[in-house]
Every structure is written in structure tokens, then in C-alpha cells.
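Here's the structure we're looking at; comments come further down.
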Amino acid sequence: MLKNSTRRNFLKSSALTGAGALVLPAGIVRGENTPNEKLNLAFLGVGGRGAANRGGSSMHNTYALCDTNRVTLEKIGEKYPDAKKTVDWRTLIDDDKIDAFFVSTAEHHHALASVAAMRQGKSVYTEKPLARTVQEARIMQEEYCARRGKIATQMGTQIHAVRNYRLALEYVRSGAIGKVTEAHVWCGRTIAPIGPAVLEEQPIPDGYAWDEWLGPAPVRAFNIDYVNKGCLNWHRRWDFGTGVLGDMGSHLIDLPFWVLELERPTRVSCEAPDPDPVATPPWMVVTWEHPARKTSSEFTGGPIKLVWYHGPEGMKRRSDLLQPLVGDDTVINDWFIGAAFIGEKGVCVADYGKTLLSPQSKFKDFKHEPFFPDSPGHYVEFFNAVKGGPESLCNFDYSGKLIENNLLGNAAHRAGNKTLDWDFQKFEFTNAPEANALLKSDYEYRKGWDIIQR
């Protein structure tokens with residue numbers, strides 16, 4: 001086995017090669033038990049996103065697998081006969097041989113598993129959204145910042161690494177559309193009705209660890225419709241998820257949050273159907289007010305208004321606002337997802353794969369020189385950081401602020417579609433103290449799962 005200092009230098013050398021000869025900061029590398037450049041990884045959730053994350057990490061060692069469906073766990077485990085297998089992620093947290101955790105569970109486990117791992121000094125990659133509540137998002141950020149340089153973190157916003165997001169960034173930051181004062185973001189998804197608040201009891205299938213799937217959530221009888229179809233199902237219920245805003249907002253609001261270098265908002269308001277105590281809303285229009293940047297900017301002019309839309313009513317309001325701004329250059333209804341930056345000289349519209357500057361007549365002679373470096377790859381960014389290389393772009397400091405921003409929108413909705421003034425330093429709504437309870441979980445985490453309860 002390599003000595004600690006030797007292994008640290010070896011891993012940093014590997015990161016240097018993978019990062020394209022970037023200058024590396026000093027860092028403490030975990031996983032001194034791994035005798036070569038391969039990291040020992042633990043995957044919490046092995047299907048769906050867990051499978052995708054294993055695929056993106058195939059250059060490293062699958063050391064441990066966790067899933068509450070034992071049938072799936074054993075089937076996937078056949079590919080990794082030497083891997084540890086468990087239905088309870090808590091049994092892996094203090095394993096010193098693990099270098100990094102990949103958290104691909106249901107949303108109500110994301111923050112709990114991630115915080116527990118970080119407190120053990122482990123690097124963590126967590127699927128979006130990082131958290132189910134505003135408080136969880138803040139704790140995720142704080143725990144990472146307390147260990148910055150000692151661990152690596154990354155939220156699973158894979159689109160952040162694509163070239164088209166960088167193209168939109170370059171258009172806006174180059175000043176092509178002038179100083180930006182507004183950004184509008186949308187997703188055409190809606191929320192299907194959940195049916196009864198409490199589903200009829202069904203027999204627990206053989207091999208299904210129902211208590212471990214519930215984890216911190218209130219006890220209830222098993223019904224496959226709580227978990228079937230993955231996140232498109234459980235994000236419909238506040239006990240387990242965060243709705244379309246929490247889910248897809250992680251990907252889409254990421255673009256203006258990054259491009260405009262937003263921090264925390266000072267005000268949030270929501271328009272949506274009357275809040276349901278159980279189900280997330282089928283449509284929303286959420287508006288955040290972000291203060292002007294403290295330093296001068298070539299691409300922002302004063303405070304920024306950020307607006308989110310989803311569902312049929314949200315899409316209608318988006319189109320009514322944006323279509324007149326782009327005229328005949330595009331049909332906004334053809335953009336199922338996207339973001340629009342409103343500048344003093346024009347509009348930039350982007351989604352995952354295309355970008356448009358409007359009015360096109362003004363930009364027909366526009367020449368663009370790429371200046372923001374391409375990502376080495378979303379997973380490579382994370383692994384380079386684990387080995388002591390550059391900090392990943394979607395680390396929990398950045399993504400914790402993003403998710404806090406988004407989940408404040410859910411709080412405004414659940415408060416009765418109110419306008420709330422946010423004091424991030426005091427962690428409270430200053431004009432509606434009764435809404436502060438919505439920053440935390442609306443249920444006590446069950447005993448044994450109260451890892452980050454405050």
C-alpha cells in the first residue's frame with residue numbers, strides 16, 4: 001500500500017493530467033486505503049440515476065451498493081461481486097475505505113445522507129435537488145464550506161457541463177444584449193393528481209425494505225404508488241419531494257444563477273393554485289428579487305428579477321410575456337424548457353441544446369469568440385476535485401445557494417402564495433414570521449434518521 005503522502009501526490013498528479021495541466025490547490029485527499037488511482041465509490045440508489053452515475057464513474061471502483069429494493073440490489077450486485085451491499089445507507093457512512101458517495105436516492109434522503117458523509121470527511125456527489133427544505137439546503141452549504149479543501153462535492157446538474165450553457169454565458173457576459181435586468185425560466189411539466197392523501201395498504205413485496213425507504217418520513221403503510229416511476233411520482237408529495245420547481249428548477253434556474261452570478265434573493269413571491277398540504281402544485285409562477293452585484297458588471301444593470309414558470313398556466317403566462325419580445329424570431333411555445341435573459345439591447349433564449357439572440361436582424365453580423373473553457377466532463381470535474389484538483393463548478397457552496405433560492409419559492413407557495421421578504425443572514429422571513437416554520441421540515445425526522453434536525 002502506498003504511504004499517505006505518496007498516494008496524495010499520485011492522486012493529485014492524476015487530477016493534473018485529467019484537468020489539462022491546471023495549477024492545483026493544496027488539498028487533503030481521502031481514501032488512503034485505495035492502493036492506486038482508482039477511487040472507492042459507494043452508490044446510494046442503484047437504479048435510474050444511480051445506474052447513470054455508475055456509468056459516468058466506470059473508471060473507478062464500485063466499492064459499495066445500497067438500495068431499498070433487494071431484488072434490484074442483488075441483480076446489479078451480480079456485476080460487482082466484491083462490492084458491499086446494504087439496504088440502509090447509514091451502515092456505510094463510517095467505512096474508512098470509501099472515498100466518495102454518490103447519493104441517488106429519493107429526495108427526502110439527499111441531504112441526510114450527504115451531511116452524514118461530509119461529517120465523516122467523505123466527498124459527496126448528490127443528485128438534484130440537494131435538499132427537500134430550505135434549512136437542509138443551507139446546512140448542505142455550511143457543512144461543505146466548513147470542510148472546503150478537504151473534501152469535494154458536486155450536485156448532479158450534468159447540463160452545467162455542456163457547451164451550450166457556456167455559449168449562453170458567453171453571449172450574456174460579453175455584453176451582446178446589454179445589461180441584463182431580468183431572467184425568465186420555465187419547464188412545461190405539470191403535476192398529475194396524487195389521488196388519496198394516504199394510499200390503501202398493500203402487502204410489502206418480498207425483498208423490499210420499506211422502512212428504510214421511508215427513512216425520516218412519517219410512518220405509513222406500504223403502497224407501490226408511493227415509489228413507482230421514481231422522481232416523477234414522489235416529487236408530487238411534500239413528504240418526499242419538492243415538485244417541478246425543486247426538481248427541474250435545479251437544472252434550469254442553474255443557467256441564470258451561474259451566468260448572472262446571483263447570490264441570495266431578498267424577496268420571493270408566488271402565484272399558483274391554493275396550497276395543498278400533501279401535493280405539490282400543478283403550475284407556478286415564482287418571482288425572486290436579487291440585489292445588484294457589489295462589484296461593477298458589464299452584463300448586469302442593478303437588481304435582477306428572476307421568474308420561474310411551470311405547468312399549463314405557467315407556460316401561458318411565459319408566452320404572453322416573452323413572445324412579443326422575440327417577435328417572429330422564434331415561437332416560444334416550441335421551447336418546452338428554457339431560459340430567457342432580458343437585456344437593454346435584446347434577448348438571449350437558451351435551452352439544453354440551442355441558443356437564440358433576438359432581434360436577429362440586429363445580431364446578423366454578431367461575431368462570437370469562445371472564452372469560457374469547456375468542462376473536462378461533469379464527472380471528471382468531481383473526480384479531479386476528489387483527488388485534490390480544482391473545485392467542481394457545482395460544488396455545494398454554489399448549488400446550496402441555488403437550491404435555497406428555489407425552495408424559497410415553495411415556501412412562498414405553501415405560505416398562501418405570499419410575497420415574503422428574506423433575510424438570509426438571520427435565516428427568516430421578516431414580514432411574515434408565521435412562514436418561517438416552512439423553512440424546516442413539516443414533520444419531525446424519525447428517530448435514527450434525525451441526522452440534521454435542528
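Every chain in the C-alpha cells has a letter given in the order shown (A, B, ...), and although residue numbers restart at 1 in each chain, ligands are simply numbered from 1 in the order shown.
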> If we count only C-alpha atoms, what is near Cys187 (chain A) at a cut-off of 9 Å, once residues fewer than 3 positions away on the same chain are taken out, given as a list in words?
Replying inline: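 Everything that qualifies: Thr190, Val244, Leu245, Met248, Gly249, Leu252, Trp308, Tyr309, His310, Gly311, Gly314, Met315, Trp335, Phe336, Ile337 and Gly338 of chain A.
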> So which residues touch Ala83 (chain A) within 12 Å, counting only C-alpha atoms, skipping near sequence neighbours fewer than 6 positions away, as a PyMOL selection string?
Replying inline: chain A and resi 40-43+61-66+73-74+76-77+92+97-98
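Of note, CA of Phe429 (chain A) and CA of Val278 (chain A) are spaced 22.8 Å apart.
A straight line drawn from CA of Gly48 (chain A) to CA of Ser104 (chain A) is 8.2 Å long.
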> Per DSSP on the backbone, what are the helix (DSSP H, G or I) residues of region 129-160 of chain A, as a VMD selection string?
Replying inline: chain A and resid 134 to 145 158 to 160
>> I'd like the interatomic distance between CA of Phe427 (chain A) and CA of Tyr144 (chain A), to a tenth of an Å.
In response: 18.2 Å
Among region 39-220 of chain A, which residues does DSSP mark as strand (DSSP E) when it is run on the backbone? Keep the chain and numbering as in the structure and answer as a short mmCIF file (atom, residue, chain, number, x, y, z; two decimals) with C-alpha atoms, in the first residue's frame.
```
data_model
loop_
_atom_site.label_atom_id
_atom_site.label_comp_id
_atom_site.auth_asym_id
_atom_site.auth_seq_id
_atom_site.Cartn_x
_atom_site.Cartn_y
_atom_site.Cartn_z
CA ASN A 40 -13.59 3.55 -3.90
CA LEU A 41 -17.16 4.69 -4.55
CA ALA A 42 -20.40 3.97 -2.70
CA PHE A 43 -23.64 4.28 -4.68
CA LEU A 44 -26.79 5.02 -2.68
CA ASN A 61 -14.07 1.09 -8.23
CA THR A 62 -17.66 0.29 -7.25
CA TYR A 63 -16.94 -0.50 -3.62
CA ALA A 64 -20.46 -0.43 -2.13
CA LEU A 65 -24.07 -0.56 -3.31
CA CYS A 66 -27.19 0.45 -1.42
CA LYS A 84 -20.55 -4.39 -0.13
CA LYS A 85 -24.35 -4.47 -0.33
CA THR A 86 -26.92 -2.98 2.04
CA ALA A 100 -16.77 9.25 -2.21
CA PHE A 101 -20.52 8.74 -2.03
CA PHE A 102 -22.98 9.06 -4.91
CA VAL A 103 -26.41 9.89 -3.48
CA SER A 123 -16.51 13.54 -0.72
CA VAL A 124 -20.09 13.55 -1.98
CA TYR A 125 -21.87 13.71 -5.34
CA THR A 126 -25.61 14.24 -4.81
CA THR A 153 -18.76 17.94 -3.65
CA GLN A 154 -20.91 18.14 -6.77
CA MET A 155 -24.64 18.36 -7.44
CA VAL A 180 -29.49 42.28 -18.06
CA THR A 181 -32.19 43.13 -15.53
CA GLU A 182 -34.48 40.10 -15.84
CA ALA A 183 -34.22 36.34 -16.41
CA HIS A 184 -37.21 34.07 -17.08
CA VAL A 185 -37.00 30.29 -16.72
CA TRP A 186 -39.57 27.61 -17.48
CA CYS A 187 -40.47 23.94 -17.71
#
```
> What's the 8 Å shell around Gly243 (chain A), counting only C-alpha atoms, without same-chain residues fewer than 5 positions away, as a list in words?
Replying inline: Ile191, His235, Arg236, Arg237, Trp238, Thr280 and Pro281 of chain A
>> Residues near Ser58 (chain A), anyone? I mean within 12 Å using only C-alpha atoms, not counting same-chain ones fewer than 4 positions away, as a VMD selection string.
In response: chain A and resid 38 to 41 51 to 54 62 to 63 80 379 to 380 383
Closest-contact table, region 77-123 of chain A side, partner region 206-213 of chain A, 10 Å, counting only C-alpha atoms, as a Markdown table:
```
| residue | atom | partner | partner_atom | distance |
| --- | --- | --- | --- | --- |
| A:Val87 | CA | A:Ala209 | CA | 6.6 |
| A:Asp88 | CA | A:Glu212 | CA | 6.1 |
| A:Trp89 | CA | A:Glu212 | CA | 8.8 |
| A:Arg90 | CA | A:Glu212 | CA | 9.8 |
| A:Thr105 | CA | A:Trp213 | CA | 8.8 |
| A:Ala106 | CA | A:Trp213 | CA | 8.1 |
| A:His108 | CA | A:Trp213 | CA | 9.4 |
| A:His109 | CA | A:Trp213 | CA | 8.7 |
```
Contacts of region 67-140 of chain A with region 407-419 of chain A up to 12 Å, shortest pair per row, only C-alpha atoms, as CSV:
```
residue,atom,partner,partner_atom,distance
A:Pro129,CA,A:Leu407,CA,9.5
A:Leu130,CA,A:Leu407,CA,10.5
A:Ala131,CA,A:Leu407,CA,8.7
A:Arg132,CA,A:Leu407,CA,7.8
A:Thr133,CA,A:Leu407,CA,6.5
A:Val134,CA,A:Leu407,CA,5.6
A:Gln135,CA,A:Leu407,CA,9.4
A:Glu136,CA,A:Leu407,CA,10.1
A:Ala137,CA,A:Leu407,CA,8.5
A:Arg138,CA,A:Leu407,CA,10.7
```
>> Ranking A:Lys354, A:Gly215, A:Leu393, A:Thr287 by minimum distance to Lys447 (chain A) and counting only C-alpha atoms, which one comes first?
In response: A:Gly215
>> I'd like the neighbourhood of Pro216 (chain A) as JSON, numbers by chain, where a residue qualifies if any of its atoms comes within 6 Å (using only C-alpha atoms), though same-chain residues fewer than 3 positions away should be ignored.
In response: {"A": [445, 446, 449]}
